[in-house]
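Scroll down for the structure; my scribbles are underneath it.
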Amino acid sequence: MLKPVFILLLGAPLTVTAAQPAALSLEDTFDAYVQVILHGNEASKEALRKRNLLLEINDGTDVIVDTLDVLQLPKAAFKGTAMEPVSRALEMRRKTLSCTITNITRETVHSTPQAKVAYRCAFPDLSGFFATYRNAQKRRAVVGDDPEDAKALFVEFANALRDAPDRSHEGSAVFLKMPDNGPWLSSNLPQLGMTLLQQALPFDTWNTRIEAESVPTVTGIPTCDLMMAAKLRFFDRHHPQSPFLSNGMLQSNLLKRVEGMSDEEATRDCRMVHERNRALWNREKTD
């Protein structure tokens, strides 16, 4: 039980409980997410922890909030490796990252306030380094892994990351306001962290792009073209007489499927389709 003198210091009588923190506004909630994702801002982490308490998320709230700080992942993974210069460059570059709201559309659905927040971010544009990376990968395919080559490549990439111009990334996030004038919650804004990682460390994207150079171009989206090539190889092995191999229907269906999608949306969709069918399409003909 609290001693009376301590109660006086708190400035509250015994019968009064601690006040709940006020819910953040929509704009402040967006900013808190962004500050954690882009900068790992500790004050914003604390604001989101308090918001989670309003949502009665008591277990694991620190983990939930810290997971948004995605740039801590490469910092830990690259420490003591040839990619440590990349980690240092990323820490420097994150200071210049920014996202701003460009539009807010509000509506009420089934008595629940909702909002769609459109935003624009400034992320590093590393497209100019792709040719250097591709040449390094081609050399690696010929001479094998060379630690010194890898070290030199990552130092060069770190310099490019520090000096790269900005590129605009546009997106939108859906927010729901919790009942009883509770806090705003977004299920898809945390995905911005993975987008940031993919743009700041685009090695997987570049590897996919290099791999797609060896297959026919259908959509111009590497992941989708690789998916279509795998599907066509399956038909060629198991259904060589299928008209789908000659009438272009599979390709036309894919083009219709991704029509109207952004490259990012089409990439996610084609990756999902490929993963779902990978075991089937890779199956060898046994008869």
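We label chains A, B, ... in the order they appear in the structure tokens, count residues from 1 in each chain, and number ligands from 1 in the order shown.
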Practice problem: Write out as a ChimeraX atom specification each polymer residue whose atoms come within 8 Å of Ala32 in chain A, counting only C-alpha atoms; drop sequence neighbours fewer than 6 positions from it. | Solution: /A:44-45,47-48
If you keep all heavy atoms, can you produce a file of those selected residues as a PDB file, in the first residue's frame?
ATOM      1  N   SER A  44       8.560   8.199 -30.153  1.00  0.00           N
ATOM      2  CA  SER A  44       7.435   7.665 -30.926  1.00  0.00           C
ATOM      3  C   SER A  44       7.149   6.219 -30.527  1.00  0.00           C
ATOM      4  O   SER A  44       5.988   5.791 -30.506  1.00  0.00           O
ATOM      5  CB  SER A  44       7.732   7.765 -32.422  1.00  0.00           C
ATOM      6  OG  SER A  44       7.843   9.115 -32.825  1.00  0.00           O
ATOM      7  N   LYS A  45       8.191   5.463 -30.213  1.00  0.00           N
ATOM      8  CA  LYS A  45       7.971   4.101 -29.720  1.00  0.00           C
ATOM      9  C   LYS A  45       7.154   4.128 -28.435  1.00  0.00           C
ATOM     10  O   LYS A  45       6.221   3.331 -28.253  1.00  0.00           O
ATOM     11  CB  LYS A  45       9.313   3.401 -29.468  1.00  0.00           C
ATOM     12  CG  LYS A  45      10.063   2.984 -30.725  1.00  0.00           C
ATOM     13  CD  LYS A  45      11.333   2.213 -30.361  1.00  0.00           C
ATOM     14  CE  LYS A  45      12.114   1.795 -31.603  1.00  0.00           C
ATOM     15  NZ  LYS A  45      13.341   1.034 -31.267  1.00  0.00           N
ATOM     16  N   ALA A  47       5.088   6.455 -27.482  1.00  0.00           N
ATOM     17  CA  ALA A  47       3.718   6.863 -27.792  1.00  0.00           C
ATOM     18  C   ALA A  47       2.901   5.686 -28.289  1.00  0.00           C
ATOM     19  O   ALA A  47       1.725   5.529 -27.930  1.00  0.00           O
ATOM     20  CB  ALA A  47       3.730   7.983 -28.835  1.00  0.00           C
ATOM     21  N   LEU A  48       3.507   4.831 -29.099  1.00  0.00           N
ATOM     22  CA  LEU A  48       2.797   3.657 -29.603  1.00  0.00           C
ATOM     23  C   LEU A  48       2.606   2.614 -28.505  1.00  0.00           C
ATOM     24  O   LEU A  48       1.599   1.901 -28.489  1.00  0.00           O
ATOM     25  CB  LEU A  48       3.546   3.046 -30.788  1.00  0.00           C
ATOM     26  CG  LEU A  48       3.531   3.885 -32.073  1.00  0.00           C
ATOM     27  CD1 LEU A  48       4.314   3.177 -33.179  1.00  0.00           C
ATOM     28  CD2 LEU A  48       2.101   4.164 -32.533  1.00  0.00           C
TER      29      LEU A  48
END
Would you tabulate, counting only C-alpha atoms, all residues of range 190-248 of chain A that have an atom at most 6 Å from an atom of range 254-275 of chain A, showing the closest pair of atoms and their distance in Å to one decimal, sorted by chain then ascending number, as JSON lines?
{"residue": "A:Thr223", "atom": "CA", "partner": "A:Thr267", "partner_atom": "CA", "distance": 5.7}
{"residue": "A:Cys224", "atom": "CA", "partner": "A:Cys270", "partner_atom": "CA", "distance": 5.1}
{"residue": "A:Met227", "atom": "CA", "partner": "A:His274", "partner_atom": "CA", "distance": 5.5}
Exercise. Name the residues in contact with Pro147 in chain A at a cut-off of 9 Å, using only C-alpha atoms, excluding same-chain residues fewer than 4 positions from it; report them as a ChimeraX atom specification.
Key: /A:82,151-152
Quiz item: Which residues come within 12 Å of Glu27 in chain A, counting only C-alpha atoms, excluding same-chain residues fewer than 4 positions away, as a list in words?
Solution: Ala23, Asp31, Ala32, Tyr33, Val34, Thr100, Ile101, Thr102, Asn103, Ile104, Ala115, Lys116, Val117, Ala118, Tyr119, Ala173, Phe175, Pro183, Trp184 and Leu185 of chain A
Quiz item: What residues in range 29-233 of chain A get the DSSP label alpha helix (DSSP H)? Please answer as a PyMOL selection string.
Solution: chain A and resi 29-39+42-54+61-67+72-78+84-93+130-143+147-163+192-200+203-212+222-233
